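Engineer: Next comes final22.cif, mmCIF, C-alpha atoms:
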```
data_protein
#
loop_
_atom_site.label_atom_id
_atom_site.label_comp_id
_atom_site.auth_asym_id
_atom_site.auth_seq_id
_atom_site.Cartn_x
_atom_site.Cartn_y
_atom_site.Cartn_z
CA MET A 1 222.54 -26.10 76.81
CA ILE A 2 221.21 -22.66 77.47
CA THR A 3 218.02 -24.15 78.94
CA CYS A 4 220.00 -26.28 81.37
CA ASN A 5 221.95 -23.31 82.53
CA LYS A 6 218.77 -21.30 83.25
CA PHE A 7 217.37 -24.27 85.20
CA PHE A 8 220.45 -24.62 87.37
CA SER A 9 220.56 -20.88 87.95
CA ALA A 10 216.96 -20.85 89.15
CA LEU A 11 217.56 -23.86 91.34
CA PHE A 12 220.63 -22.22 92.85
CA LEU A 13 218.68 -19.01 93.61
CA PHE A 14 215.85 -20.99 95.28
CA ALA A 15 218.32 -22.86 97.43
CA PHE A 16 220.02 -19.62 98.41
CA LEU A 17 216.71 -18.06 99.52
CA LEU A 18 215.70 -21.19 101.41
CA ILE A 19 219.00 -21.31 103.24
CA GLY A 20 218.67 -17.60 104.06
CA SER A 21 215.17 -18.08 105.47
CA CYS A 22 216.22 -20.99 107.55
CA THR A 23 219.16 -19.03 108.83
CA THR A 24 216.94 -16.08 109.81
CA LEU A 25 214.42 -18.43 111.44
CA ALA A 26 217.28 -20.15 113.35
CA GLN A 27 218.53 -16.76 114.51
CA GLU A 28 215.07 -15.74 115.70
CA ARG A 29 214.71 -19.03 117.54
CA GLN A 30 218.02 -18.36 119.27
CA ARG A 31 216.44 -15.06 120.46
CA GLY A 32 213.50 -16.97 121.94
CA TYR A 33 210.79 -16.49 119.20
CA THR A 34 208.79 -19.29 117.74
CA ALA A 35 207.85 -19.33 114.08
CA ASP A 36 204.30 -18.19 114.80
CA GLU A 37 205.51 -15.36 116.97
CA PHE A 38 207.93 -14.34 114.29
CA GLU A 39 205.16 -14.13 111.71
CA LYS A 40 202.92 -12.21 114.08
CA SER A 41 205.68 -9.72 114.87
CA TYR A 42 205.74 -8.79 111.19
CA ASP A 43 202.00 -9.01 110.58
CA LEU A 44 201.06 -6.63 113.49
CA LYS A 45 202.75 -3.65 111.86
CA LEU A 46 200.54 -3.62 108.77
CA PRO A 47 197.03 -3.34 110.41
CA ALA A 48 198.18 -0.46 112.68
CA VAL A 49 198.86 1.78 109.66
CA SER A 50 195.55 0.82 107.98
CA ALA A 51 193.46 1.60 111.10
CA GLN A 52 195.06 5.04 111.48
CA HIS A 53 194.38 5.77 107.85
CA LEU A 54 190.79 4.55 108.29
CA ASP A 55 190.31 6.82 111.32
CA SER A 56 191.65 9.75 109.34
CA LEU A 57 189.23 8.96 106.55
CA LYS A 58 186.33 8.77 109.03
CA GLU A 59 187.27 12.13 110.55
CA LEU A 60 187.53 13.59 107.06
CA ARG A 61 184.06 12.23 106.26
CA LEU A 62 182.60 13.75 109.43
CA TYR A 63 184.15 17.12 108.53
CA GLN A 64 182.83 16.90 104.98
CA GLU A 65 179.39 15.86 106.30
CA ARG A 66 179.31 18.92 108.58
CA ASN A 67 180.26 21.10 105.62
CA VAL A 68 177.44 19.57 103.56
CA LYS A 69 174.92 20.23 106.34
CA GLN A 70 176.17 23.80 106.79
CA SER A 71 176.00 24.40 103.04
CA ALA A 72 172.45 22.99 102.91
CA SER A 73 171.45 25.18 105.85
CA GLN A 74 172.95 28.24 104.18
CA ILE A 75 171.11 27.41 100.95
CA GLU A 76 167.81 27.18 102.85
CA LYS A 77 168.49 30.51 104.55
CA LEU A 78 169.36 32.08 101.23
CA LYS A 79 166.14 30.72 99.73
CA GLU A 80 164.10 32.18 102.60
CA LEU A 81 165.95 35.47 102.23
CA GLN A 82 165.26 35.41 98.50
CA LYS A 83 161.55 34.89 99.19
CA MET A 84 161.61 37.80 101.62
CA ASN A 85 163.44 39.93 99.08
CA ILE A 86 160.88 39.07 96.39
CA ALA A 87 158.08 40.01 98.78
CA SER A 88 159.94 43.21 99.66
CA LEU A 89 160.41 44.02 95.98
CA ARG A 90 156.69 43.54 95.39
CA GLN A 91 155.92 45.82 98.34
CA VAL A 92 158.32 48.40 96.92
CA GLU A 93 156.69 48.15 93.50
CA ASN A 94 153.23 48.56 95.04
CA ALA A 95 154.48 51.50 97.09
CA GLU A 96 155.94 53.11 93.97
CA VAL A 97 152.59 52.70 92.17
CA GLU A 98 150.77 54.27 95.12
CA LEU A 99 153.34 57.07 95.19
CA ILE A 100 152.73 57.81 91.51
CA LYS A 101 148.97 57.89 92.13
CA ALA A 102 149.43 60.13 95.17
CA LYS A 103 151.62 62.54 93.17
CA ALA A 104 149.01 62.64 90.39
CA LEU A 105 146.28 63.41 92.93
CA LEU A 106 148.52 66.06 94.49
CA ASP A 107 149.12 67.68 91.10
CA GLU A 108 145.38 67.63 90.39
CA THR A 109 144.68 69.20 93.78
CA ASP A 110 147.30 71.88 93.10
CA LYS A 111 145.58 72.67 89.81
CA GLN A 112 142.21 72.90 91.54
CA ILE A 113 143.69 75.14 94.23
CA ALA A 114 145.25 77.37 91.57
CA GLU A 115 141.95 77.60 89.67
CA ALA A 116 140.00 78.20 92.88
CA SER A 117 142.50 80.88 93.94
CA LYS A 118 142.17 82.58 90.57
CA ILE A 119 138.38 82.50 90.78
CA PHE A 120 138.50 83.73 94.37
CA GLU A 121 140.82 86.59 93.47
CA GLN A 122 138.58 87.48 90.54
CA GLU A 123 135.48 87.38 92.71
CA LEU A 124 137.27 89.37 95.38
CA SER A 125 138.25 91.92 92.76
CA ASN A 126 134.69 91.94 91.46
CA ALA A 127 133.36 92.33 94.98
CA ALA A 128 135.73 95.21 95.61
CA HIS A 129 134.69 96.74 92.31
CA MET A 130 131.04 96.23 93.13
CA ARG A 131 131.61 97.78 96.53
CA LEU A 132 133.16 100.77 94.85
CA LEU A 133 130.24 100.93 92.46
CA ALA A 134 127.81 100.56 95.36
CA ASP A 135 129.55 103.29 97.29
CA ASP A 136 129.59 105.47 94.19
CA LEU A 137 125.94 104.62 93.53
CA ALA A 138 125.01 105.44 97.11
CA LEU A 139 126.78 108.79 96.83
CA THR A 140 124.95 109.41 93.55
CA TRP A 141 121.61 108.63 95.19
CA ILE A 142 122.39 110.94 98.09
CA SER A 143 123.39 113.69 95.68
CA ILE A 144 120.35 113.46 93.39
CA LYS A 145 117.92 113.14 96.33
CA ALA A 146 119.34 116.22 97.98
CA SER A 147 119.29 118.17 94.71
CA TYR A 148 115.71 117.13 93.92
CA LEU A 149 114.48 117.89 97.45
CA LYS A 150 116.00 121.36 97.22
CA ALA A 151 114.32 122.01 93.86
CA ILE A 152 110.89 120.80 95.07
CA ARG A 153 111.05 122.81 98.28
CA GLN A 154 111.88 125.92 96.27
CA SER A 155 108.86 125.22 94.06
CA PHE A 156 106.56 124.54 97.02
CA PRO A 157 107.77 126.79 99.83
CA GLN A 158 104.31 126.68 101.44
CA TYR A 159 104.60 122.91 102.13
CA ASN A 160 106.58 121.61 105.09
CA TYR A 161 107.89 118.11 105.62
CA ILE A 162 108.40 117.27 101.97
CA THR A 163 110.38 114.06 101.62
CA VAL A 164 112.19 112.43 98.67
CA HIS A 165 112.30 108.68 98.06
CA LEU A 166 113.77 106.18 95.62
CA LEU A 167 111.24 103.49 94.71
CA ARG A 168 111.99 100.29 92.83
CA THR A 169 110.31 99.88 89.47
CA GLY A 170 111.41 96.47 88.18
CA ARG A 171 115.19 96.57 87.77
CA ASN A 172 115.35 100.37 87.93
CA LEU A 173 114.29 103.20 90.26
CA ALA A 174 111.86 106.08 90.41
CA LEU A 175 112.68 109.33 92.26
CA VAL A 176 109.58 110.90 93.84
CA ALA A 177 108.85 113.78 96.23
CA ARG A 178 106.11 112.89 98.73
CA HIS A 179 103.68 115.11 100.65
CA PRO A 180 100.04 114.74 101.76
CA ARG A 181 99.04 117.58 99.45
CA PHE A 182 100.73 116.18 96.35
CA SER A 183 98.56 114.52 93.72
CA ARG A 184 98.19 114.13 89.97
CA ARG A 185 96.34 117.43 89.86
CA THR A 186 99.28 119.15 91.61
CA PHE A 187 101.58 117.85 88.91
CA ASP A 188 99.28 118.88 86.02
CA VAL A 189 98.26 122.35 87.26
CA GLY A 190 100.87 125.05 87.49
CA LYS A 191 104.62 124.77 86.96
CA PRO A 192 105.73 121.50 88.68
CA ALA A 193 105.90 119.60 85.38
CA HIS A 194 108.14 122.23 83.75
CA LEU A 195 110.31 122.42 86.90
CA ILE A 196 110.79 118.65 87.04
CA GLU A 197 111.51 118.42 83.31
CA ARG A 198 114.17 121.10 83.60
CA TRP A 199 115.73 119.44 86.65
CA ILE A 200 115.87 116.08 84.82
CA LYS A 201 117.79 117.70 81.95
CA GLN A 202 120.26 119.27 84.39
CA ASN A 203 120.85 116.01 86.29
CA ARG A 204 120.37 113.46 83.51
CA GLN A 205 123.87 111.98 83.77
CA ASN A 206 123.60 111.36 87.51
CA LEU A 207 120.09 109.95 87.10
CA ILE A 208 121.27 107.43 84.51
CA LYS A 209 124.26 106.60 86.70
CA GLY A 210 121.91 106.06 89.65
CA LEU A 211 119.60 103.80 87.56
CA VAL A 212 116.73 106.32 87.93
CA ILE A 213 114.33 106.21 84.98
CA GLU A 214 111.39 108.23 86.39
CA VAL A 215 111.06 111.48 88.40
CA GLY A 216 107.84 112.96 89.81
CA LEU A 217 105.44 113.65 92.69
CA MET A 218 103.49 111.25 94.91
CA SER A 219 100.85 111.63 97.56
CA ALA A 220 102.01 110.64 101.04
CA ASP A 221 98.58 109.12 101.73
CA ARG A 222 97.84 107.38 98.43
CA ILE A 223 100.75 105.80 96.57
CA SER A 224 98.62 105.35 93.47
CA ASP A 225 97.97 109.10 93.34
CA SER A 226 101.25 110.02 91.64
CA ARG A 227 102.64 111.39 88.40
CA THR A 228 106.18 110.99 86.96
CA LEU A 229 108.25 111.93 83.94
CA LYS A 230 110.56 109.56 82.04
CA VAL A 231 114.31 110.19 82.07
CA GLU A 232 115.15 110.33 78.37
#
```
Would you mind writing the file out in structure tokens?
Structural biologist:
Amino acid sequence: MITCNKFFSALFLFAFLLIGSCTTLAQERQRGYTADEFEKSYDLKLPAVSAQHLDSLKELRLYQERNVKQSASQIEKLKELQKMNIASLRQVENAEVELIKAKALLDETDKQIAEASKIFEQELSNAAHMRLLADDLALTWISIKASYLKAIRQSFPQYNYITVHLLRTGRNLALVARHPRFSRRTFDVGKPAHLIERWIKQNRQNLIKGLVIEVGLMSADRISDSRTLKVE
């Protein structure tokens, strides 16, 4: 019984829909539409929405494609920039190494300059000291030559043009009075030997200071004809 009722209900609903469709189709025909035109009037609305959506999707794809190309281009630029940065970093590292070497060479040069300056100042001081010694030595030579010449002239007043000279004997000097009449015999005979010995004792300090180790007489004509006494 229940099954029969469900069957009749379904049949009634189908008949109701069929009658409604026929009624709508009859109404549309009264308006001047055929059945085909009626179907097309409803079918045309659906593709219009799909085409617009498809166009939107195509535009979206073009936009996304441009973004992909721009991103790829930016990545390539960043890679090139990275390569340049790596090269720059290597150049900086090399420059830093060269800078360290240059500073080391500069420090070494400063040390050499300081050492050279110290040596120069020392040599300059030594030169000044030697100049003082030379000046003092020259004054000593002048003094002892004048003193010896005075003593010899007093001993030999009869001789004119007696001269006094400092002669090199190795690393030291000999102080001699020269005259044509002086000879070994002049030194041995009379008082010249005693006079010279006494004068050496009186001027010993200046003689040593002046590097004079011998004092005596010498012939002006024959250098070998001479006689001297040691400064003890």
Engineer: I'd like the interatomic distance between atom CA of A:Tyr161 and atom CA of A:His179, to a tenth of an Å.
Structural biologist: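 Computed distance, atom CA of A:Tyr161 to atom CA of A:His179, equals 7.2 Å.
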Engineer: List the neighbours of A:Ala146 out to 10 Å using only C-alpha atoms; skip same-chain residues closer than 6 positions along the sequence, and give me the result as a PDB file with C-alpha atoms, in the frame of the given file.
Structural biologist:
```pdb
ATOM      1  CA  THR A 140     124.950 109.410  93.550  1.00  0.00           C
ATOM      2  CA  THR A 163     110.380 114.060 101.620  1.00  0.00           C
ATOM      3  CA  VAL A 164     112.190 112.430  98.670  1.00  0.00           C
TER       4      VAL A 164
END
```
Engineer: Using Å and a single decimal, report how far atom CA of A:Ile200 sits from atom CA of A:Val212.
Structural biologist: 10.3 Å
Engineer: My list of candidates is A:Gln112, A:Gln154, A:Thr228, A:Ser147. Which is closest to A:Leu167 when distances are computed with all atoms listed in the file?
Structural biologist: A:Thr228
Engineer: Here's the selection I'm unsure about, the PyMOL selection byres ((chain A and resi 181-184) around 6); applied to the file above, which residues does it give, as a ChimeraX atom specification?
Structural biologist: /A:179-180,185-187,218-219,225-227
Engineer: A:Arg171: which residues within 12 Å, counting only C-alpha atoms, same-chain residues fewer than 5 positions away excluded, as an mmCIF file with C-alpha atoms, keeping the file's coordinate frame?
Structural biologist:
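Listed below is the output, out22.cif:
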```
data_model
loop_
_atom_site.group_PDB
_atom_site.id
_atom_site.type_symbol
_atom_site.label_atom_id
_atom_site.label_comp_id
_atom_site.auth_asym_id
_atom_site.auth_seq_id
_atom_site.Cartn_x
_atom_site.Cartn_y
_atom_site.Cartn_z
ATOM 1 C CA GLY A 210 121.910 106.060 89.650
ATOM 2 C CA LEU A 211 119.600 103.800 87.560
ATOM 3 C CA VAL A 212 116.730 106.320 87.930
ATOM 4 C CA ILE A 213 114.330 106.210 84.980
#
```
Engineer: What is the atom CA of A:Asn94-atom CA of A:Thr109 distance in Å, reported with one decimal?
Structural biologist: 22.4 Å
Engineer: Can you pull out the residues contacting A:Lys201? Cut-off 12 Å, using all atoms listed in the file, and skip same-chain residues under 3 positions away; I want them as a ChimeraX atom specification.
Structural biologist: /A:194-198,204-208,215,229-232
Engineer: Using only C-alpha atoms, pick whichever of A:Lys83, A:Lys145, A:Lys118, A:Arg131 has the shortest atom-to-atom distance to A:Asn203.
Structural biologist: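 Ranking A:Lys83, A:Lys145, A:Lys118, A:Arg131 by distance to A:Asn203, first place goes to A:Lys145.
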Engineer: Could you put an axis-aligned box around every listed atom of stretch 68-75 of chain A, padded by 6 Å on each side, and send me its centre and edge lengths in Å to one decimal, as AutoDock Vina command-line options?
Structural biologist:
```
--center_x 174.3 --center_y 23.9 --center_z 103.9 --size_x 18.3 --size_y 20.7 --size_z 17.8
```
Engineer: Which is closest to A:Asp136 among A:Ala193, A:Lys209, A:Leu166, A:Gln122, if we use all atoms listed in the file?
Structural biologist: A:Lys209
